[in-house]
Each structure stands twice: as C-alpha cells, then as structure tokens.
>>> print(open('upload-v5.cif').read())   # mmCIF, C-alpha atoms
data_input
#
loop_
_atom_site.label_atom_id
_atom_site.label_comp_id
_atom_site.auth_asym_id
_atom_site.auth_seq_id
_atom_site.Cartn_x
_atom_site.Cartn_y
_atom_site.Cartn_z
CA MET A 23 13.10 -16.30 -7.79
CA LYS A 24 14.97 -19.57 -8.35
CA PHE A 25 15.65 -20.93 -4.86
CA CYS A 26 13.67 -21.31 -1.65
CA SER A 27 14.62 -18.62 0.88
CA SER A 28 13.74 -21.01 3.73
CA CYS A 29 15.72 -24.13 2.76
CA GLY A 30 17.84 -23.23 -0.30
CA HIS A 31 16.38 -25.86 -2.63
CA PRO A 32 15.03 -24.97 -6.10
CA VAL A 33 11.51 -23.56 -6.45
CA GLU A 34 9.05 -24.25 -9.24
CA SER A 35 6.17 -22.13 -10.48
CA ARG A 36 2.81 -23.85 -10.00
CA ILE A 37 -0.70 -23.25 -8.74
CA PRO A 38 -0.95 -24.55 -5.15
CA ALA A 39 -4.02 -26.52 -4.04
CA GLY A 40 -6.88 -24.17 -3.19
CA ASP A 41 -5.23 -21.27 -5.02
CA ASN A 42 -5.92 -19.91 -8.50
CA ARG A 43 -2.66 -18.36 -9.62
CA PRO A 44 0.91 -19.58 -10.03
CA ARG A 45 3.27 -19.18 -7.08
CA TYR A 46 6.87 -20.09 -6.48
CA VAL A 47 6.71 -23.30 -4.44
CA CYS A 48 9.73 -25.07 -2.96
CA THR A 49 10.34 -28.51 -4.48
CA HIS A 50 11.77 -29.68 -1.14
CA CYS A 51 9.98 -28.05 1.82
CA GLU A 52 6.80 -27.04 -0.09
CA THR A 53 6.95 -23.46 1.22
CA ILE A 54 4.82 -21.16 -0.95
CA HIS A 55 6.57 -17.86 -1.68
CA TYR A 56 3.95 -15.19 -2.26
CA GLN A 57 4.92 -11.99 -4.04
CA ASN A 58 3.03 -8.78 -3.42
CA PRO A 59 3.03 -5.17 -4.61
CA ARG A 60 5.22 -2.59 -2.94
CA ILE A 61 4.28 0.88 -1.74
CA VAL A 62 6.26 3.95 -2.79
CA ALA A 63 5.55 6.84 -0.39
CA GLY A 64 6.47 10.49 -0.85
CA THR A 65 5.38 14.07 -0.39
CA VAL A 66 4.52 17.25 -2.25
CA PRO A 67 6.58 19.58 -0.02
CA VAL A 68 5.23 23.15 -0.14
CA TRP A 69 6.78 26.42 1.04
CA GLU A 70 5.11 29.76 0.24
CA ARG A 71 3.30 28.45 -2.87
CA LYS A 72 6.47 26.81 -4.15
CA VAL A 73 7.07 23.08 -4.46
CA LEU A 74 10.32 21.35 -3.51
CA LEU A 75 11.76 18.99 -6.11
CA CYS A 76 15.03 17.10 -6.12
CA ARG A 77 17.14 15.97 -9.04
CA ARG A 78 17.95 12.27 -8.97
CA ALA A 79 21.56 11.20 -8.40
CA ILE A 80 20.72 7.54 -9.01
CA GLU A 81 19.29 5.36 -11.74
CA PRO A 82 16.67 4.97 -13.01
CA ARG A 83 16.12 8.48 -14.37
CA TYR A 84 19.44 9.91 -13.22
CA GLY A 85 19.40 13.71 -13.56
CA TYR A 86 15.60 14.05 -13.73
CA TRP A 87 13.50 16.06 -11.27
CA THR A 88 11.32 14.21 -8.81
CA LEU A 89 9.18 14.59 -5.74
CA PRO A 90 10.92 13.02 -2.74
CA ALA A 91 9.64 9.43 -2.48
CA GLY A 92 10.83 5.90 -2.00
CA PHE A 93 9.93 2.38 -0.97
CA MET A 94 8.07 2.08 2.31
CA GLU A 95 10.02 0.04 4.84
CA ASN A 96 8.77 -2.63 7.21
CA ALA A 97 7.61 -1.42 10.65
CA GLU A 98 6.63 2.05 9.50
CA THR A 99 3.45 3.80 8.34
CA THR A 100 2.98 5.41 4.93
CA GLU A 101 3.16 8.81 6.65
CA GLU A 102 6.44 7.92 8.35
CA ALA A 103 7.81 6.61 5.05
CA ALA A 104 6.78 9.79 3.19
CA ALA A 105 8.34 12.09 5.81
CA ARG A 106 11.50 9.96 6.03
CA GLU A 107 12.04 10.00 2.28
CA THR A 108 11.55 13.77 2.23
CA LEU A 109 14.21 14.19 4.89
CA GLU A 110 16.59 11.72 3.21
CA GLU A 111 16.30 12.98 -0.36
CA ALA A 112 15.56 16.70 0.08
CA MET A 113 16.81 17.26 3.64
CA ALA A 114 13.51 18.96 4.42
CA GLU A 115 11.29 18.58 7.47
CA VAL A 116 7.60 18.53 6.70
CA SER A 117 4.26 18.47 8.41
CA LEU A 118 1.86 16.20 6.51
CA VAL A 119 -1.53 17.66 5.55
CA GLY A 120 -3.09 14.46 4.24
CA LEU A 121 -2.99 11.74 1.61
CA TYR A 122 -3.23 13.47 -1.76
CA THR A 123 -2.65 11.00 -4.61
CA MET A 124 -2.70 7.22 -4.69
CA ILE A 125 -1.64 5.97 -8.10
CA HIS A 126 -1.54 2.27 -8.94
CA VAL A 127 1.14 1.10 -11.35
CA PRO A 128 0.07 -2.53 -11.76
CA HIS A 129 2.53 -3.46 -14.52
CA ILE A 130 5.41 -2.93 -12.08
CA ASP A 131 3.51 -4.11 -8.98
CA GLN A 132 3.64 -0.75 -7.20
CA VAL A 133 1.28 1.65 -5.47
CA HIS A 134 2.54 5.24 -5.23
CA MET A 135 1.17 7.47 -2.48
CA PHE A 136 1.95 11.17 -2.17
CA TYR A 137 1.06 13.25 0.86
CA LEU A 138 0.52 16.97 0.65
CA ALA A 139 3.01 18.48 3.10
CA HIS A 140 3.99 21.84 4.50
CA MET A 141 7.69 22.42 4.94
CA THR A 142 8.26 23.47 8.54
CA SER A 143 11.10 25.81 7.50
CA PRO A 144 12.71 26.93 4.23
CA ARG A 145 15.68 24.69 4.90
CA PHE A 146 16.39 21.93 2.40
CA GLY A 147 19.31 20.36 0.59
CA ALA A 148 20.51 17.49 -1.55
CA GLY A 149 20.48 14.14 0.22
CA GLU A 150 22.73 11.27 -0.83
CA GLU A 151 20.42 10.19 -3.64
CA SER A 152 19.97 13.73 -5.01
CA LEU A 153 22.20 15.97 -7.13
CA GLU A 154 20.39 19.09 -5.94
CA ALA A 155 17.07 20.26 -4.53
CA GLU A 156 15.16 23.40 -5.44
CA LEU A 157 11.96 25.24 -4.60
CA PHE A 158 9.99 25.86 -7.81
CA GLU A 159 7.33 28.46 -8.47
CA LEU A 160 4.42 26.61 -10.05
CA ASP A 161 4.97 28.24 -13.45
CA ARG A 162 8.62 27.18 -13.41
CA ILE A 163 8.21 23.43 -12.82
CA PRO A 164 10.63 21.64 -15.21
CA TRP A 165 7.94 19.63 -17.02
CA ASP A 166 10.36 18.38 -19.69
CA ASP A 167 12.61 16.75 -17.11
CA ILE A 168 10.26 14.99 -14.68
CA SER A 169 11.34 11.57 -13.44
CA PHE A 170 8.25 9.37 -13.44
CA PRO A 171 4.60 9.39 -14.62
CA THR A 172 3.25 9.27 -11.05
CA VAL A 173 5.31 12.34 -10.12
CA ARG A 174 4.10 14.18 -13.23
CA ARG A 175 0.46 13.35 -12.53
CA THR A 176 0.74 14.37 -8.88
CA LEU A 177 2.33 17.70 -9.85
CA GLU A 178 -0.37 18.30 -12.49
CA HIS A 179 -3.07 17.75 -9.88
CA PHE A 180 -1.24 20.01 -7.47
CA VAL A 181 -0.92 22.92 -9.89
CA GLU A 182 -4.61 22.62 -10.76
CA ASP A 183 -5.77 22.26 -7.16
CA MET A 184 -3.67 25.21 -5.98
CA GLN A 185 -5.92 27.48 -8.04
CA ARG A 186 -8.93 26.72 -5.88
CA ASP A 187 -6.97 25.78 -2.76
CA GLU A 188 -8.71 22.41 -2.42
CA PHE A 189 -6.80 19.16 -2.40
CA PRO A 190 -9.13 16.15 -2.48
CA LEU A 191 -7.67 12.64 -2.52
CA ARG A 192 -7.13 11.51 -6.09
CA VAL A 193 -6.95 7.77 -6.78
CA SER A 194 -5.97 6.64 -10.27
CA ASP A 195 -3.97 4.10 -12.27
CA ILE A 196 -1.12 4.29 -14.73
CA ARG A 197 -1.15 1.34 -17.11
CA HIS A 198 1.55 0.66 -19.65
CA ARG A 199 1.62 -2.04 -22.23
CA MET A 200 2.83 -5.22 -20.62
CA LYS A 201 6.57 -5.69 -20.63
CA GLN A 202 8.34 -9.00 -20.59
CA ARG A 203 9.04 -9.79 -16.99
CA SER A 204 11.72 -11.81 -15.32
CA SER A 205 12.03 -12.51 -11.63
CA MET B 9 14.96 -15.72 5.22
CA LYS B 10 17.98 -18.02 5.33
CA PHE B 11 18.95 -18.56 1.69
CA CYS B 12 19.34 -16.38 -1.39
CA SER B 13 16.36 -16.74 -3.72
CA SER B 14 18.63 -15.91 -6.69
CA CYS B 15 21.49 -18.36 -6.17
CA GLY B 16 20.57 -20.60 -3.21
CA HIS B 17 23.55 -19.71 -1.01
CA PRO B 18 23.12 -18.59 2.62
CA VAL B 19 22.24 -14.97 3.35
CA GLU B 20 23.48 -12.88 6.26
CA SER B 21 21.86 -9.87 7.91
CA ARG B 22 23.98 -6.74 7.56
CA ILE B 23 23.75 -3.07 6.65
CA PRO B 24 24.79 -2.67 2.98
CA ALA B 25 27.07 0.21 1.94
CA GLY B 26 25.06 3.40 1.53
CA ASP B 27 22.12 1.99 3.47
CA ASN B 28 21.13 2.54 7.09
CA ARG B 29 19.25 -0.59 8.09
CA PRO B 30 20.01 -4.31 8.13
CA ARG B 31 19.07 -6.33 5.04
CA TYR B 32 19.44 -9.95 4.07
CA VAL B 33 22.48 -10.02 1.78
CA CYS B 34 23.71 -13.10 -0.09
CA THR B 35 27.15 -14.26 1.05
CA HIS B 36 27.84 -15.53 -2.48
CA CYS B 37 26.25 -13.27 -5.14
CA GLU B 38 25.82 -10.19 -2.90
CA THR B 39 22.15 -9.75 -3.87
CA ILE B 40 20.34 -7.56 -1.34
CA HIS B 41 16.90 -8.92 -0.45
CA TYR B 42 14.65 -6.05 0.60
CA GLN B 43 11.50 -6.76 2.55
CA ASN B 44 8.53 -4.43 2.39
CA PRO B 45 5.05 -4.09 3.87
CA ARG B 46 2.06 -5.76 2.29
CA ILE B 47 -1.33 -4.29 1.47
CA VAL B 48 -4.55 -5.93 2.63
CA ALA B 49 -7.49 -4.65 0.58
CA GLY B 50 -11.18 -5.12 1.29
CA THR B 51 -14.61 -3.54 1.23
CA VAL B 52 -17.49 -2.46 3.43
CA PRO B 53 -20.26 -3.98 1.26
CA VAL B 54 -23.58 -2.21 1.81
CA TRP B 55 -27.11 -3.22 0.81
CA GLU B 56 -30.11 -1.19 2.02
CA ARG B 57 -28.33 0.15 5.13
CA LYS B 58 -27.06 -3.32 6.02
CA VAL B 59 -23.43 -4.43 5.94
CA LEU B 60 -22.24 -7.76 4.59
CA LEU B 61 -19.91 -9.73 6.85
CA CYS B 62 -18.47 -13.20 6.43
CA ARG B 63 -17.41 -15.70 9.06
CA ARG B 64 -13.88 -16.97 8.61
CA ALA B 65 -13.35 -20.61 7.66
CA ILE B 66 -9.57 -20.29 8.00
CA GLU B 67 -7.03 -19.41 10.65
CA PRO B 68 -6.18 -17.01 12.09
CA ARG B 69 -9.47 -16.11 13.78
CA TYR B 70 -11.41 -19.11 12.48
CA GLY B 71 -15.13 -18.60 13.16
CA TYR B 72 -14.95 -14.83 13.66
CA TRP B 73 -16.83 -12.29 11.57
CA THR B 74 -14.91 -10.15 9.14
CA LEU B 75 -15.23 -7.72 6.29
CA PRO B 76 -14.16 -9.36 3.03
CA ALA B 77 -10.45 -8.54 2.57
CA GLY B 78 -7.14 -10.12 1.69
CA PHE B 79 -3.64 -9.60 0.41
CA MET B 80 -3.34 -7.50 -2.73
CA GLU B 81 -1.78 -9.46 -5.58
CA ASN B 82 0.83 -8.36 -8.09
CA ALA B 83 -0.47 -6.76 -11.30
CA GLU B 84 -3.69 -5.45 -9.77
CA THR B 85 -4.88 -2.18 -8.21
CA THR B 86 -6.16 -1.82 -4.64
CA GLU B 87 -9.67 -1.41 -6.07
CA GLU B 88 -9.36 -4.61 -8.09
CA ALA B 89 -8.00 -6.43 -5.04
CA ALA B 90 -10.84 -5.17 -2.83
CA ALA B 91 -13.53 -6.17 -5.34
CA ARG B 92 -11.88 -9.55 -6.01
CA GLU B 93 -11.71 -10.42 -2.31
CA THR B 94 -15.36 -9.44 -1.89
CA LEU B 95 -16.34 -11.78 -4.70
CA GLU B 96 -14.09 -14.60 -3.44
CA GLU B 97 -15.03 -14.47 0.24
CA ALA B 98 -18.62 -13.21 0.20
CA MET B 99 -19.62 -14.05 -3.39
CA ALA B 100 -20.92 -10.51 -3.76
CA GLU B 101 -20.48 -8.09 -6.63
CA VAL B 102 -19.86 -4.52 -5.58
CA SER B 103 -19.48 -1.07 -7.04
CA LEU B 104 -16.77 0.81 -5.15
CA VAL B 105 -17.67 4.26 -3.81
CA GLY B 106 -14.20 5.27 -2.66
CA LEU B 107 -11.34 4.60 -0.31
CA TYR B 108 -12.75 4.75 3.20
CA THR B 109 -10.17 3.61 5.77
CA MET B 110 -6.41 3.17 5.51
CA ILE B 111 -5.06 1.65 8.71
CA HIS B 112 -1.36 1.01 9.21
CA VAL B 113 -0.37 -2.01 11.29
CA PRO B 114 3.39 -1.46 11.44
CA HIS B 115 4.21 -4.25 13.91
CA ILE B 116 3.09 -6.80 11.32
CA ASP B 117 4.27 -4.81 8.27
CA GLN B 118 0.81 -4.35 6.80
CA VAL B 119 -1.40 -1.55 5.49
CA HIS B 120 -5.12 -2.31 5.48
CA MET B 121 -7.36 -0.44 3.05
CA PHE B 122 -11.14 -0.69 3.01
CA TYR B 123 -13.30 0.73 0.25
CA LEU B 124 -16.89 1.72 0.85
CA ALA B 125 -18.91 -0.31 -1.66
CA HIS B 126 -22.48 -0.73 -2.82
CA MET B 127 -23.60 -4.26 -3.50
CA THR B 128 -24.98 -4.38 -7.04
CA SER B 129 -27.60 -6.96 -6.01
CA PRO B 130 -28.67 -8.69 -2.80
CA ARG B 131 -26.92 -11.87 -3.91
CA PHE B 132 -24.09 -13.15 -1.71
CA GLY B 133 -22.80 -16.41 -0.29
CA ALA B 134 -19.96 -18.15 1.51
CA GLY B 135 -16.79 -18.39 -0.55
CA GLU B 136 -14.18 -21.09 0.06
CA GLU B 137 -12.57 -19.19 2.93
CA SER B 138 -15.89 -18.40 4.64
CA LEU B 139 -18.25 -20.51 6.77
CA GLU B 140 -21.17 -18.20 6.01
CA ALA B 141 -21.99 -14.66 4.97
CA GLU B 142 -24.76 -12.45 6.32
CA LEU B 143 -26.20 -8.97 5.90
CA PHE B 144 -26.30 -7.26 9.30
CA GLU B 145 -28.46 -4.36 10.40
CA LEU B 146 -26.11 -1.86 12.02
CA ASP B 147 -27.53 -2.49 15.50
CA ARG B 148 -26.98 -6.22 15.09
CA ILE B 149 -23.26 -6.24 14.21
CA PRO B 150 -21.65 -9.08 16.21
CA TRP B 151 -19.15 -6.85 18.03
CA ASP B 152 -18.04 -9.63 20.39
CA ASP B 153 -16.94 -11.83 17.51
CA ILE B 154 -15.08 -9.53 15.12
CA SER B 155 -11.93 -10.93 13.52
CA PHE B 156 -9.33 -8.15 13.54
CA PRO B 157 -8.78 -4.66 15.00
CA THR B 158 -8.75 -3.02 11.55
CA VAL B 159 -12.14 -4.57 10.75
CA ARG B 160 -13.55 -3.42 14.10
CA ARG B 161 -12.30 0.13 13.61
CA THR B 162 -13.63 0.31 10.06
CA LEU B 163 -17.05 -0.91 11.19
CA GLU B 164 -17.06 1.58 14.08
CA HIS B 165 -16.35 4.43 11.65
CA PHE B 166 -19.03 3.13 9.30
CA VAL B 167 -21.75 2.96 11.96
CA GLU B 168 -20.88 6.48 13.09
CA ASP B 169 -20.65 7.91 9.56
CA MET B 170 -23.94 6.32 8.48
CA GLN B 171 -25.72 8.66 10.93
CA ARG B 172 -24.70 11.73 8.94
CA ASP B 173 -24.30 9.95 5.61
CA GLU B 174 -20.75 11.28 5.09
CA PHE B 175 -17.81 8.96 4.63
CA PRO B 176 -14.52 10.86 4.64
CA LEU B 177 -11.26 8.96 4.24
CA ARG B 178 -9.93 7.97 7.65
CA VAL B 179 -6.22 7.25 7.98
CA SER B 180 -4.96 5.81 11.26
CA ASP B 181 -2.58 3.35 12.88
CA ILE B 182 -2.95 0.34 15.11
CA ARG B 183 0.13 -0.19 17.20
CA HIS B 184 0.67 -3.15 19.46
CA ARG B 185 3.53 -3.73 21.79
CA MET B 186 6.44 -5.15 19.85
CA LYS B 187 6.42 -8.90 19.51
CA GLN B 188 9.46 -11.05 19.00
CA ARG B 189 9.86 -11.55 15.29
CA SER B 190 11.38 -14.30 13.25
CA SER B 191 11.73 -14.43 9.51
#
>>> encode(input="upload-v5.cif", output="structure tokens")
Amino acid sequence: MKFCSSCGHPVESRIPAGDNRPRYVCTHCETIHYQNPRIVAGTVPVWERKVLLCRRAIEPRYGYWTLPAGFMENAETTEEAAARETLEEAMAEVSLVGLYTMIHVPHIDQVHMFYLAHMTSPRFGAGEESLEAELFELDRIPWDDISFPTVRRTLEHFVEDMQRDEFPLRVSDIRHRMKQRSS
Amino acid sequence: MKFCSSCGHPVESRIPAGDNRPRYVCTHCETIHYQNPRIVAGTVPVWERKVLLCRRAIEPRYGYWTLPAGFMENAETTEEAAARETLEEAMAEVSLVGLYTMIHVPHIDQVHMFYLAHMTSPRFGAGEESLEAELFELDRIPWDDISFPTVRRTLEHFVEDMQRDEFPLRVSDIRHRMKQRSS
C-alpha cells in the first residue's frame, strides 16, 4: 500500500496513538488503513467413499490437484463461500455436513476452512479455473501432485477419519519460515 | 474506496474480465482491489463457573458488557487473536479449550469466533478499551446491557451448555435487513 484509498495522498507506516503495531496512515487525511487476514473456504466433496478433486488451471500451482476452495467474499457466510467455490471450480452441488478443518497460515495472513460435504449427485465438471475434475478412490489420491499444504493436511485427516467414520473438527496451523514481504 | 492504493489514481467499480461481481479497479494501473470479510476473535473466559465480561470504553456500544474480542491481525492465528484480545481488554490470561461459536454476520462482512477458555488465575482488570471487568455468576449476567448479538448468542449457548457440561461447536448466522452501504 502506497496511497490512501480515501483521498489518494501518500500513506506512511507508523504506529497510531493508542495502538501497538504499525499501520498505513494517510499523511493527508490521517485515515488508518487496517489490514486483516483473509478466509479461504472450501469443501471435501464426497460421493460413495470417493473424494472430488480438481486440477488447477490457474497459478499458483497450475496443473496440481486441489480441493475446491477460494477466497470468501463480502456478504456471504463461510458455508456459502465453500458451496459456491465447489460449484464454480468443480461444478458440483453439495450438502455441507459441518466444519471439518480450520488451518491457520499466519505467514500469508490466511485462514483456510474446509467443510465436509456430500455431493447431492454424481454430476461434476471442470469450472473455469480447473483443467479437469475427478472422483478419487482414497487409495488413488495423487499425493505427489497436491496443490497446497492445507489441502494435503485436510485430505490426510479425511483418509484417516474415513476409517472410523468420525470427522471431528481439526484446528491447526501451518507455519513456514518468514518470507520477505512487500505490500 | 475512491483511489488506488498502489498508484493513487481514481478507481471505478466494475466487473473485471473473468469475474462475476463488481470490484474496485484502478483506472490507471488496472489493479483490482478485492475486499473480503474480517474475522473477530474472542473468548468466553471462565473461572469457577463464572464468566468474565468487560464493559466497553469505546464506541460502538460504549458502556455495554461484552466478551473480550476484536479484529484478528495479520500474522496471527485465531487462537492467538482470541487470547491477545482477552489479555488486552480484560487483562486476563487464558488457556483455550476449543472453538465454541462461529457466527457469520454477512451484512457487515464479519465472522465472529469465540473460544471457550479457562482463566489460568483469578486475576483480571480493565484494559484500555474497557471501563471495568467483572466475573459474573451465570444467573447474574447483565442481559439487558449486552454489547452485540454475537456476544448475546454465545453467552446464551454457554449458559445452556454449562447445564450438561458439553460445549459442541456451534456455527450460525445473524442476518439483519440490508442497510445502505458506503465504502
């Protein structure tokens, strides 16, 4: 952030009065521009003990397999976001069972939430951001070509939990070494 | 949002190619400025069957009783945010038991998450944003002076769940009639 989105003048990074961390503050109108983590919402779409994955048609991780998921939009709930992304990316309609994993990724300011979901029919397809979609038996999941750590961890939990047919909420973190950031 | 935070030129609201909803797009550098919901994280701090509330020293809802909670910051987890807010607002150290309520408030683009938490000692106090803090017996909760609907709902669940000593995750929404928005 270099300019104030309210008045267009330059911002500077400083700790506002009464605060304890640096914020972008407008040098002209004094507006404080807070920055906050974003939620990525998705599903584990299940049909007859198979899980629906889609292969990414966009960067990052073009060509890798992923669970349908994406950034939550304003004015929706995490459930609505998860179901919407599943329809957009895998062209599948789902009925959500419940929140299944919540994985913090603090070094990129994200919280990933995956809902366990039953597909309401065996219909699916490749949405605009997918090269293809496919239902995988659990022993055929393409572990070598998974898109992101949160997707891998969620699938690992799912395979394990399918054995006892219990799917408790699992909250965890993924922490990488700090990268240089620019914003 | 009126100006591009990257280059300072005016933005316009339009639907970018390949998208399906209006975004603020810079008329000069074409940067798309996405806007996403924010997470409010807090706790239900418990000490010997009493719950710790604090009375707000800031607007909105100055003077009303609340659970300690606030906006999650970049580079932290929801648990860290919840514990930090509890320390800042109620000067209490807590050990988190688990995620207890997740309440979507889509008309204000927020997701509120409260963790059930044990106070690690009976020490507490009024942080900078609080007028006072107090441990309440469950039959003395000041229901007429509660700050926000998500706090009220979380406390209602807590009082009910204390009777059977089981605290399952409760996911719900609070939807108000649509207000006029400006941004």
>>> residues_around(input="upload-v5.cif", residues="range 9-25 of chain B", least_positions_apart="3", cutoff="7 Å", atoms="only C-alpha atoms", output="PDB file with C-alpha atoms, in the frame of the given file")
ATOM      1  CA  MET A  23      13.100 -16.300  -7.790  1.00  0.00           C
ATOM      2  CA  LYS A  24      14.970 -19.570  -8.350  1.00  0.00           C
ATOM      3  CA  PHE A  25      15.650 -20.930  -4.860  1.00  0.00           C
ATOM      4  CA  CYS A  26      13.670 -21.310  -1.650  1.00  0.00           C
ATOM      5  CA  SER A  27      14.620 -18.620   0.880  1.00  0.00           C
ATOM      6  CA  SER A  28      13.740 -21.010   3.730  1.00  0.00           C
ATOM      7  CA  CYS A  29      15.720 -24.130   2.760  1.00  0.00           C
ATOM      8  CA  GLY A  30      17.840 -23.230  -0.300  1.00  0.00           C
ATOM      9  CA  HIS A  31      16.380 -25.860  -2.630  1.00  0.00           C
TER      10      HIS A  31
ATOM     11  CA  ASN B  28      21.130   2.540   7.090  1.00  0.00           C
ATOM     12  CA  ARG B  29      19.250  -0.590   8.090  1.00  0.00           C
ATOM     13  CA  PRO B  30      20.010  -4.310   8.130  1.00  0.00           C
ATOM     14  CA  ARG B  31      19.070  -6.330   5.040  1.00  0.00           C
ATOM     15  CA  TYR B  32      19.440  -9.950   4.070  1.00  0.00           C
ATOM     16  CA  VAL B  33      22.480 -10.020   1.780  1.00  0.00           C
ATOM     17  CA  CYS B  34      23.710 -13.100  -0.090  1.00  0.00           C
ATOM     18  CA  THR B  35      27.150 -14.260   1.050  1.00  0.00           C
ATOM     19  CA  HIS B  36      27.840 -15.530  -2.480  1.00  0.00           C
ATOM     20  CA  SER B 191      11.730 -14.430   9.510  1.00  0.00           C
TER      21      SER B 191
END
>>> interface_residues(input="upload-v5.cif", of="chain A", to="chain B", cutoff="9 Å", atoms="all atoms listed in the file", output="JSON, numbers by chain")
{"A": [23, 24, 25, 26, 27, 28, 29, 30, 31, 32, 33, 40, 56, 57, 58, 59, 60, 61, 93, 94, 95, 96, 97, 98, 99, 100, 120, 121, 125, 126, 127, 128, 129, 130, 131, 132, 133, 150, 191, 193, 195, 205]}
>>> residues_near_point(input="upload-v5.cif", point="(-17.9, -16.1, 15.5)", cutoff="12 Å", atoms="only C-alpha atoms", output="list in words")
Leu61, Cys62, Arg63, Arg64, Ala65, Ile66, Arg69, Tyr70, Gly71, Tyr72, Trp73, Thr74, Ser138, Leu139, Glu140, Ala141, Ile149, Pro150, Trp151, Asp152, Asp153, Ile154, Ser155 and Phe156 of chain B
>>> atom_distance(input="upload-v5.cif", atom1="CA of Thr162 in chain B", atom2="CA of Glu93 in chain B")
16.5 Å
>>> resolve_selection(input="upload-v5.cif", expression="the PyMOL selection byres ((chain A and resi 145) around 8)", output="mmCIF file with C-alpha atoms, in the coordinates of the input")
data_model
loop_
_atom_site.group_PDB
_atom_site.id
_atom_site.type_symbol
_atom_site.label_atom_id
_atom_site.label_comp_id
_atom_site.auth_asym_id
_atom_site.auth_seq_id
_atom_site.Cartn_x
_atom_site.Cartn_y
_atom_site.Cartn_z
ATOM 1 C CA MET A 113 16.810 17.260 3.640
ATOM 2 C CA ALA A 114 13.510 18.960 4.420
ATOM 3 C CA GLU A 115 11.290 18.580 7.470
ATOM 4 C CA SER A 143 11.100 25.810 7.500
ATOM 5 C CA PRO A 144 12.710 26.930 4.230
ATOM 6 C CA PHE A 146 16.390 21.930 2.400
ATOM 7 C CA GLY A 147 19.310 20.360 0.590
#
>>> atom_distance(input="upload-v5.cif", atom1="CA of Pro76 in chain B", atom2="CA of Ala49 in chain B")
8.5 Å
>>> atom_distance(input="upload-v5.cif", atom1="CA of His126 in chain B", atom2="CA of Ser103 in chain B")
5.2 Å
>>> resolve_selection(input="upload-v5.cif", expression="the PyMOL selection byres ((chain B and resi 163) around 12)", output="PyMOL selection string")
chain B and resi 51-54+58-61+73-75+108-109+122-124+144-151+154-162+164-170+175+178
>>> closest_residue(input="upload-v5.cif", among="A:Glu70, A:His198, A:Arg186, A:Leu118", to="Arg106 in chain A", atoms="all atoms listed in the file")
A:Leu118
